[in-house]
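Peer 1: Provided below: work04.cif, containing mmCIF, C-alpha atoms.
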```
data_upload
loop_
_atom_site.group_PDB
_atom_site.id
_atom_site.type_symbol
_atom_site.label_atom_id
_atom_site.label_comp_id
_atom_site.auth_asym_id
_atom_site.auth_seq_id
_atom_site.Cartn_x
_atom_site.Cartn_y
_atom_site.Cartn_z
ATOM 1 C CA MET A 1 65.192 14.341 3.315
ATOM 2 C CA SER A 2 63.773 15.831 0.118
ATOM 3 C CA VAL A 3 63.769 14.576 -3.467
ATOM 4 C CA ILE A 4 65.997 16.581 -5.809
ATOM 5 C CA GLY A 5 64.100 18.052 -8.750
ATOM 6 C CA HIS A 6 65.081 18.835 -12.330
ATOM 7 C CA ASN A 7 66.735 22.209 -11.841
ATOM 8 C CA GLU A 8 68.715 21.086 -8.794
ATOM 9 C CA LEU A 9 69.835 17.933 -10.638
ATOM 10 C CA LEU A 10 71.350 20.143 -13.323
ATOM 11 C CA LYS A 11 73.175 22.119 -10.657
ATOM 12 C CA LEU A 12 74.519 18.891 -9.134
ATOM 13 C CA LEU A 13 75.851 17.746 -12.500
ATOM 14 C CA TYR A 14 77.723 21.017 -13.009
ATOM 15 C CA ARG A 15 78.992 21.912 -9.547
ATOM 16 C CA GLU A 16 82.181 23.928 -9.698
ATOM 17 C CA LYS A 17 84.218 21.485 -7.612
ATOM 18 C CA VAL A 18 84.569 18.136 -9.368
ATOM 19 C CA GLU A 19 84.635 16.197 -6.092
ATOM 20 C CA GLU A 20 81.216 17.641 -5.200
ATOM 21 C CA ARG A 21 79.543 16.871 -8.528
ATOM 22 C CA LEU A 22 77.067 14.161 -9.320
ATOM 23 C CA ILE A 23 78.812 12.252 -12.113
ATOM 24 C CA ILE A 24 76.837 10.060 -14.519
ATOM 25 C CA THR A 25 78.684 8.845 -17.583
ATOM 26 C CA PRO A 26 77.733 8.386 -20.331
ATOM 27 C CA LEU A 27 74.669 10.611 -20.047
ATOM 28 C CA LEU A 28 73.833 10.229 -23.711
ATOM 29 C CA ASN A 29 70.721 12.390 -23.986
ATOM 30 C CA PRO A 30 70.282 14.743 -21.009
ATOM 31 C CA ASP A 31 67.230 16.453 -22.545
ATOM 32 C CA LEU A 32 65.371 13.133 -22.649
ATOM 33 C CA GLN A 33 66.873 11.390 -19.620
ATOM 34 C CA ILE A 34 66.611 14.127 -16.985
ATOM 35 C CA ASN A 35 63.009 14.195 -15.837
ATOM 36 C CA GLU A 36 61.070 16.343 -13.379
ATOM 37 C CA ALA A 37 62.562 14.524 -10.369
ATOM 38 C CA SER A 38 64.564 11.567 -11.701
ATOM 39 C CA ILE A 39 67.049 10.518 -14.367
ATOM 40 C CA ASP A 40 66.371 7.634 -16.745
ATOM 41 C CA ILE A 41 69.139 5.028 -16.835
ATOM 42 C CA ARG A 42 69.976 2.438 -19.471
ATOM 43 C CA LEU A 43 70.732 -1.251 -19.596
ATOM 44 C CA GLY A 44 74.372 -2.173 -20.089
ATOM 45 C CA ASN A 45 75.669 -5.227 -21.931
ATOM 46 C CA ASP A 46 76.267 -7.596 -19.005
ATOM 47 C CA PHE A 47 73.578 -9.968 -17.751
ATOM 48 C CA ILE A 48 73.874 -12.644 -15.054
ATOM 49 C CA VAL A 49 71.418 -15.524 -15.375
ATOM 50 C CA THR A 50 70.419 -17.808 -12.512
ATOM 51 C CA ARG A 51 70.560 -21.485 -13.378
ATOM 52 C CA ARG A 52 68.164 -23.714 -11.490
ATOM 53 C CA GLY A 53 69.252 -27.019 -9.993
ATOM 54 C CA ASN A 54 72.979 -26.435 -9.369
ATOM 55 C CA LEU A 55 72.463 -25.602 -5.702
ATOM 56 C CA ALA A 56 69.903 -26.959 -3.260
ATOM 57 C CA GLN A 57 69.656 -23.518 -1.646
ATOM 58 C CA LEU A 58 71.536 -20.294 -1.020
ATOM 59 C CA ASP A 59 72.497 -20.445 2.640
ATOM 60 C CA PRO A 60 74.661 -17.725 4.248
ATOM 61 C CA ALA A 61 75.629 -20.220 6.975
ATOM 62 C CA LEU A 62 77.617 -22.253 4.453
ATOM 63 C CA GLN A 63 81.116 -20.811 4.659
ATOM 64 C CA ASP A 64 83.218 -20.503 1.503
ATOM 65 C CA ILE A 65 80.392 -21.569 -0.769
ATOM 66 C CA ARG A 66 80.647 -19.991 -4.213
ATOM 67 C CA GLU A 67 77.131 -18.777 -4.902
ATOM 68 C CA HIS A 68 78.054 -17.771 -8.449
ATOM 69 C CA ARG A 69 78.266 -21.497 -9.252
ATOM 70 C CA HIS A 70 74.565 -21.236 -10.093
ATOM 71 C CA GLN A 71 74.952 -18.065 -12.151
ATOM 72 C CA THR A 72 76.394 -17.455 -15.601
ATOM 73 C CA THR A 73 77.405 -14.190 -17.273
ATOM 74 C CA HIS A 74 76.166 -13.225 -20.731
ATOM 75 C CA PHE A 75 77.426 -10.313 -22.829
ATOM 76 C CA VAL A 76 74.772 -8.929 -25.172
ATOM 77 C CA ASN A 77 75.859 -6.640 -28.011
ATOM 78 C CA PHE A 78 74.003 -3.458 -28.886
ATOM 79 C CA LYS A 79 71.045 -4.082 -31.216
ATOM 80 C CA GLU A 80 70.861 -7.668 -29.925
ATOM 81 C CA CYS A 81 68.140 -8.948 -27.631
ATOM 82 C CA PHE A 82 68.063 -10.608 -24.228
ATOM 83 C CA TYR A 83 64.819 -12.440 -23.360
ATOM 84 C CA LEU A 84 63.638 -12.278 -19.762
ATOM 85 C CA HIS A 85 61.174 -15.096 -19.224
ATOM 86 C CA PRO A 86 58.214 -15.047 -16.821
ATOM 87 C CA GLN A 87 59.224 -15.494 -13.148
ATOM 88 C CA GLU A 88 62.911 -15.338 -14.100
ATOM 89 C CA LEU A 89 65.403 -13.271 -12.087
ATOM 90 C CA VAL A 90 68.361 -11.813 -13.967
ATOM 91 C CA LEU A 91 71.019 -9.332 -12.859
ATOM 92 C CA ALA A 92 72.062 -6.579 -15.258
ATOM 93 C CA GLY A 93 74.551 -3.753 -15.001
ATOM 94 C CA THR A 94 73.686 -0.203 -15.982
ATOM 95 C CA LEU A 95 75.304 1.409 -18.991
ATOM 96 C CA GLU A 96 76.047 4.446 -16.830
ATOM 97 C CA TYR A 97 78.838 4.749 -14.283
ATOM 98 C CA PHE A 98 77.866 6.809 -11.230
ATOM 99 C CA ARG A 99 79.692 8.807 -8.619
ATOM 100 C CA LEU A 100 77.491 10.366 -5.968
ATOM 101 C CA PRO A 101 78.712 13.210 -3.755
ATOM 102 C CA VAL A 102 78.508 12.583 -0.007
ATOM 103 C CA ASP A 103 75.488 14.863 0.388
ATOM 104 C CA VAL A 104 73.349 12.904 -2.095
ATOM 105 C CA ALA A 105 71.717 9.460 -1.850
ATOM 106 C CA ALA A 106 69.520 7.737 -4.423
ATOM 107 C CA SER A 107 67.026 4.967 -5.093
ATOM 108 C CA VAL A 108 66.327 3.017 -8.279
ATOM 109 C CA THR A 109 62.893 2.074 -9.522
ATOM 110 C CA SER A 110 61.146 0.884 -12.680
ATOM 111 C CA ARG A 111 59.958 3.241 -15.374
ATOM 112 C CA SER A 112 56.175 3.067 -15.487
ATOM 113 C CA GLN A 113 55.973 1.798 -19.079
ATOM 114 C CA TRP A 114 58.114 -1.229 -18.218
ATOM 115 C CA GLY A 115 56.465 -1.749 -14.846
ATOM 116 C CA ARG A 116 53.073 -2.017 -16.509
ATOM 117 C CA ALA A 117 54.515 -4.662 -18.819
ATOM 118 C CA GLY A 118 55.458 -6.729 -15.747
ATOM 119 C CA LEU A 119 59.098 -5.761 -15.282
ATOM 120 C CA VAL A 120 60.311 -5.191 -11.729
ATOM 121 C CA ILE A 121 63.616 -3.407 -12.088
ATOM 122 C CA ALA A 122 65.168 -3.442 -8.619
ATOM 123 C CA THR A 123 64.566 -5.388 -5.449
ATOM 124 C CA ALA A 124 67.475 -3.664 -3.660
ATOM 125 C CA THR A 125 67.005 -0.014 -4.500
ATOM 126 C CA ALA A 126 69.245 2.038 -2.184
ATOM 127 C CA VAL A 127 72.326 3.810 -3.553
ATOM 128 C CA HIS A 128 74.458 5.226 -0.749
ATOM 129 C CA PRO A 129 76.115 8.656 -0.700
ATOM 130 C CA GLY A 130 79.606 8.612 -2.182
ATOM 131 C CA PHE A 131 78.878 5.455 -4.216
ATOM 132 C CA CYS A 132 81.102 4.934 -7.285
ATOM 133 C CA GLY A 133 80.460 2.322 -9.961
ATOM 134 C CA THR A 134 77.743 0.901 -12.152
ATOM 135 C CA ILE A 135 74.507 -0.211 -10.518
ATOM 136 C CA THR A 136 73.369 -3.825 -10.634
ATOM 137 C CA LEU A 137 69.674 -4.044 -11.463
ATOM 138 C CA GLU A 138 67.667 -7.045 -10.319
ATOM 139 C CA LEU A 139 65.314 -7.732 -13.229
ATOM 140 C CA LEU A 140 62.222 -9.808 -12.525
ATOM 141 C CA ASN A 141 59.510 -10.556 -15.074
ATOM 142 C CA LEU A 142 56.148 -10.762 -13.299
ATOM 143 C CA GLY A 143 54.252 -10.889 -16.585
ATOM 144 C CA GLU A 144 52.965 -13.858 -18.549
ATOM 145 C CA VAL A 145 55.162 -13.544 -21.652
ATOM 146 C CA PRO A 146 58.921 -13.075 -22.219
ATOM 147 C CA LEU A 147 60.201 -9.494 -22.295
ATOM 148 C CA ALA A 148 62.726 -8.500 -24.962
ATOM 149 C CA LEU A 149 65.457 -6.351 -23.412
ATOM 150 C CA TYR A 150 68.010 -4.419 -25.477
ATOM 151 C CA PRO A 151 71.242 -2.902 -24.129
ATOM 152 C CA GLY A 152 71.052 0.874 -24.247
ATOM 153 C CA THR A 153 67.307 1.114 -23.637
ATOM 154 C CA SER A 154 66.014 3.130 -20.678
ATOM 155 C CA VAL A 155 64.260 0.637 -18.407
ATOM 156 C CA ALA A 156 64.829 2.249 -15.011
ATOM 157 C CA GLN A 157 65.009 5.610 -13.305
ATOM 158 C CA ILE A 158 67.100 6.861 -10.420
ATOM 159 C CA VAL A 159 65.691 9.307 -7.883
ATOM 160 C CA PHE A 160 68.113 11.451 -5.878
ATOM 161 C CA SER A 161 67.621 12.947 -2.444
ATOM 162 C CA GLN A 162 69.563 15.176 -0.085
ATOM 163 C CA CYS A 163 71.642 13.395 2.548
ATOM 164 C CA ILE A 164 72.705 15.254 5.693
ATOM 165 C CA GLY A 165 75.848 14.043 7.454
ATOM 166 C CA GLY A 166 76.619 11.322 4.902
ATOM 167 C CA GLU A 167 79.906 9.474 4.522
ATOM 168 C CA ALA A 168 81.321 8.033 1.310
ATOM 169 C CA TYR A 169 80.236 4.447 0.640
ATOM 170 C CA ASP A 170 83.106 1.957 0.608
ATOM 171 C CA GLY A 171 81.284 -1.377 0.718
ATOM 172 C CA ASP A 172 81.405 -4.542 -1.368
ATOM 173 C CA MET A 173 79.827 -2.930 -4.440
ATOM 174 C CA ALA A 174 82.129 0.106 -4.645
ATOM 175 C CA HIS A 175 84.141 0.816 -7.817
ATOM 176 C CA LYS A 176 82.751 -2.155 -9.766
ATOM 177 C CA ILE A 177 81.460 -2.227 -13.316
ATOM 178 C CA GLY A 178 78.993 -4.574 -14.963
ATOM 179 C CA ALA A 179 76.575 -6.813 -13.100
ATOM 180 C CA HIS A 180 77.720 -8.287 -9.779
ATOM 181 C CA PHE A 181 77.229 -11.850 -8.537
ATOM 182 C CA ALA A 182 75.415 -12.610 -5.303
ATOM 183 C CA ASN A 183 77.775 -13.642 -2.508
ATOM 184 C CA LEU A 184 75.753 -14.264 0.643
ATOM 185 C CA SER A 185 78.387 -16.264 2.505
ATOM 186 C CA LYS A 186 80.919 -13.424 2.260
ATOM 187 C CA ASP A 187 78.622 -10.533 3.147
ATOM 188 C CA SER A 188 80.836 -8.018 4.947
ATOM 189 C CA LYS A 189 77.810 -6.749 6.876
ATOM 190 C CA MET A 190 77.538 -10.146 8.575
ATOM 191 C CA ALA A 191 80.692 -9.874 10.686
ATOM 192 C CA ASP A 192 78.621 -11.175 13.609
ATOM 193 C CA ARG A 193 77.413 -14.212 11.648
ATOM 194 C CA LYS A 194 78.825 -16.639 14.236
ATOM 195 C CA PHE A 195 76.281 -15.370 16.740
ATOM 196 C CA TRP A 196 73.279 -15.502 14.423
ATOM 197 C CA LEU A 197 73.965 -18.475 12.152
ATOM 198 C CA PRO A 198 74.515 -22.156 12.946
ATOM 199 C CA GLU A 199 77.784 -23.843 12.094
ATOM 200 C CA LYS A 200 77.477 -25.877 8.919
ATOM 201 C CA ILE A 201 79.856 -28.097 7.009
ATOM 202 C CA LYS A 202 79.973 -27.741 3.263
ATOM 203 C CA SER A 203 78.811 -31.000 1.689
#
```
Let me see the file written as structure tokens.
Peer 2:
Amino acid sequence: MSVIGHNELLKLLYREKVEERLIITPLLNPDLQINEASIDIRLGNDFIVTRRGNLAQLDPALQDIREHRHQTTHFVNFKECFYLHPQELVLAGTLEYFRLPVDVAASVTSRSQWGRAGLVIATATAVHPGFCGTITLELLNLGEVPLALYPGTSVAQIVFSQCIGGEAYDGDMAHKIGAHFANLSKDSKMADRKFWLPEKIKS
């Protein structure tokens, strides 16, 4: 599997067949956003903040628990600021909507300028071939002071790679926009949860 560089990224964006193209919209400034081997992506307007104290823990063994009870959504207008405090985890959707062809996978990482300021941009970085939707970024401030985040700013980058024998992603995160809540107790990948997890009664 090889990383796709600048010239090949341009070819992906303009493939003759629409269904085979890499679609990123809006790509507001291709000259600035398309790098040597990545594309810079921007913060959207939706942020999900974790509130401490509403749940004792997040436990996937608790059936039907609504994890988003401890999370609240905030919409931040352009030119307004969202403060990410030290050791705080916040979810944020990308401004861009993506559609990957089935022969391309991707990973998301911090831009170096923000990483050096203490911002970790993604703790779950994989983007599967055929994915459609916005990407939820997991923002974590490892620094000592609050970080001011503005919708529309480029805080992350996405790196694409060739995928041989891929199939289109159709999981829980497909075709969604904005930031997405955590939902551990309804993880579709845990169909065998009865074997691995103890039975618990919701208190």
Peer 1: Within 6 Å of (64.8, 1.7, -20.1) (coordinates as in the file), grab all the protein and nucleic acid residues, counting all atoms listed in the file, and write them out as a list in words.
Peer 2: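 Collected hits near the coordinates: Arg42, Thr153, Ser154, Val155 and Ala156 of chain A.
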Peer 1: Those same residues - C-alpha atoms - I'd like them written as an mmCIF file, in the frame of the given file.
Peer 2:
```cif
data_model
loop_
_atom_site.group_PDB
_atom_site.id
_atom_site.type_symbol
_atom_site.label_atom_id
_atom_site.label_comp_id
_atom_site.auth_asym_id
_atom_site.auth_seq_id
_atom_site.Cartn_x
_atom_site.Cartn_y
_atom_site.Cartn_z
ATOM 1 C CA ARG A 42 69.976 2.438 -19.471
ATOM 2 C CA THR A 153 67.307 1.114 -23.637
ATOM 3 C CA SER A 154 66.014 3.130 -20.678
ATOM 4 C CA VAL A 155 64.260 0.637 -18.407
ATOM 5 C CA ALA A 156 64.829 2.249 -15.011
#
```
Peer 1: Can you spell out as a PDB file with C-alpha atoms, keeping the file's coordinate frame the set of residues that the PyMOL selection byres ((chain A and resi 75-82) around 12) selects in the structure I just provided?
Peer 2:
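The result, written out as part_39.pdb:
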```
ATOM      1  CA  ARG A  42      69.976   2.438 -19.471  1.00  0.00           C
ATOM      2  CA  LEU A  43      70.732  -1.251 -19.596  1.00  0.00           C
ATOM      3  CA  GLY A  44      74.372  -2.173 -20.089  1.00  0.00           C
ATOM      4  CA  ASN A  45      75.669  -5.227 -21.931  1.00  0.00           C
ATOM      5  CA  ASP A  46      76.267  -7.596 -19.005  1.00  0.00           C
ATOM      6  CA  PHE A  47      73.578  -9.968 -17.751  1.00  0.00           C
ATOM      7  CA  ILE A  48      73.874 -12.644 -15.054  1.00  0.00           C
ATOM      8  CA  VAL A  49      71.418 -15.524 -15.375  1.00  0.00           C
ATOM      9  CA  THR A  72      76.394 -17.455 -15.601  1.00  0.00           C
ATOM     10  CA  THR A  73      77.405 -14.190 -17.273  1.00  0.00           C
ATOM     11  CA  HIS A  74      76.166 -13.225 -20.731  1.00  0.00           C
ATOM     12  CA  TYR A  83      64.819 -12.440 -23.360  1.00  0.00           C
ATOM     13  CA  LEU A  84      63.638 -12.278 -19.762  1.00  0.00           C
ATOM     14  CA  HIS A  85      61.174 -15.096 -19.224  1.00  0.00           C
ATOM     15  CA  VAL A  90      68.361 -11.813 -13.967  1.00  0.00           C
ATOM     16  CA  LEU A  91      71.019  -9.332 -12.859  1.00  0.00           C
ATOM     17  CA  ALA A  92      72.062  -6.579 -15.258  1.00  0.00           C
ATOM     18  CA  GLY A  93      74.551  -3.753 -15.001  1.00  0.00           C
ATOM     19  CA  LEU A  95      75.304   1.409 -18.991  1.00  0.00           C
ATOM     20  CA  LEU A 139      65.314  -7.732 -13.229  1.00  0.00           C
ATOM     21  CA  PRO A 146      58.921 -13.075 -22.219  1.00  0.00           C
ATOM     22  CA  LEU A 147      60.201  -9.494 -22.295  1.00  0.00           C
ATOM     23  CA  ALA A 148      62.726  -8.500 -24.962  1.00  0.00           C
ATOM     24  CA  LEU A 149      65.457  -6.351 -23.412  1.00  0.00           C
ATOM     25  CA  TYR A 150      68.010  -4.419 -25.477  1.00  0.00           C
ATOM     26  CA  PRO A 151      71.242  -2.902 -24.129  1.00  0.00           C
ATOM     27  CA  GLY A 152      71.052   0.874 -24.247  1.00  0.00           C
ATOM     28  CA  THR A 153      67.307   1.114 -23.637  1.00  0.00           C
ATOM     29  CA  GLY A 178      78.993  -4.574 -14.963  1.00  0.00           C
ATOM     30  CA  ALA A 179      76.575  -6.813 -13.100  1.00  0.00           C
TER      31      ALA A 179
END
```
Peer 1: Just say which residues the PyMOL selection byres ((chain A and resi 38) around 9) picks in this file, as a PyMOL selection string.
Peer 2: chain A and resi 3-6+9+33-37+39-40+157-160
Peer 1: Of the candidates A:Arg21, A:Lys194, A:Arg99, A:Arg116, which one gets nearest to A:Ile135 if we count all atoms listed in the file?
Peer 2: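 The closest residue to A:Ile135 is A:Arg99.
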Peer 1: Name the residues captured by the PyMOL selection byres ((chain A and resi 122) around 6) when it is applied to the shown file; answer as a short mmCIF file (atom, residue, chain, number, x, y, z; two decimals) with C-alpha atoms, keeping the file's coordinate frame.
Peer 2:
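Wrote part.cif, looks like this:
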```
data_model
loop_
_atom_site.label_atom_id
_atom_site.label_comp_id
_atom_site.auth_asym_id
_atom_site.auth_seq_id
_atom_site.Cartn_x
_atom_site.Cartn_y
_atom_site.Cartn_z
CA ILE A 121 63.62 -3.41 -12.09
CA THR A 123 64.57 -5.39 -5.45
CA ALA A 124 67.47 -3.66 -3.66
CA THR A 125 67.00 -0.01 -4.50
CA LEU A 137 69.67 -4.04 -11.46
CA GLU A 138 67.67 -7.04 -10.32
#
```
Peer 1: Atom CA of A:Cys132 and atom CA of A:Tyr97, how far apart in Å?
Peer 2: 7.4 Å
Peer 1: Determine, counting all atoms listed in the file, which protein, DNA and RNA residues have an atom within 9 Å of an atom of A:Leu142; residues of the same chain fewer than 3 positions away are not included. Present the result as a list in words.
Peer 2: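 The filter keeps His85, Pro86, Gln87, Glu88, Ala117, Gly118, Leu119, Val120 and Val145 of chain A.
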Peer 1: Point out the residue among A:Leu12, A:Ile41, A:Leu197, A:Ile23 with the least atom-to-atom distance to A:Phe98, counting all atoms listed in the file.
Peer 2: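 With all atoms listed in the file as the atom set, the closest residue is A:Ile23.
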Peer 1: So the first atom is atom CA of A:Thr25 and the second is atom CA of A:Val102; what is the distance between them in Å, to one decimal place?
Peer 2: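 Between atom CA of A:Thr25 and atom CA of A:Val102 the gap works out to 18.0 Å.
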Peer 1: Just how far from atom CA of A:Asp170 is atom CA of A:Thr94, in Å to one decimal?
Peer 2: 19.2 Å
Peer 1: Step by step, gather every atom of stretch 84-93 of chain A that the file lists, find the box along x, y and z that holds them, add 6 Å on each side, and finally give centre and edge lengths in Å to one decimal, as AutoDock Vina command-line options.
Peer 2:
```
--center_x 66.4 --center_y -9.6 --center_z -15.9 --size_x 28.3 --size_y 23.7 --size_z 19.7
```
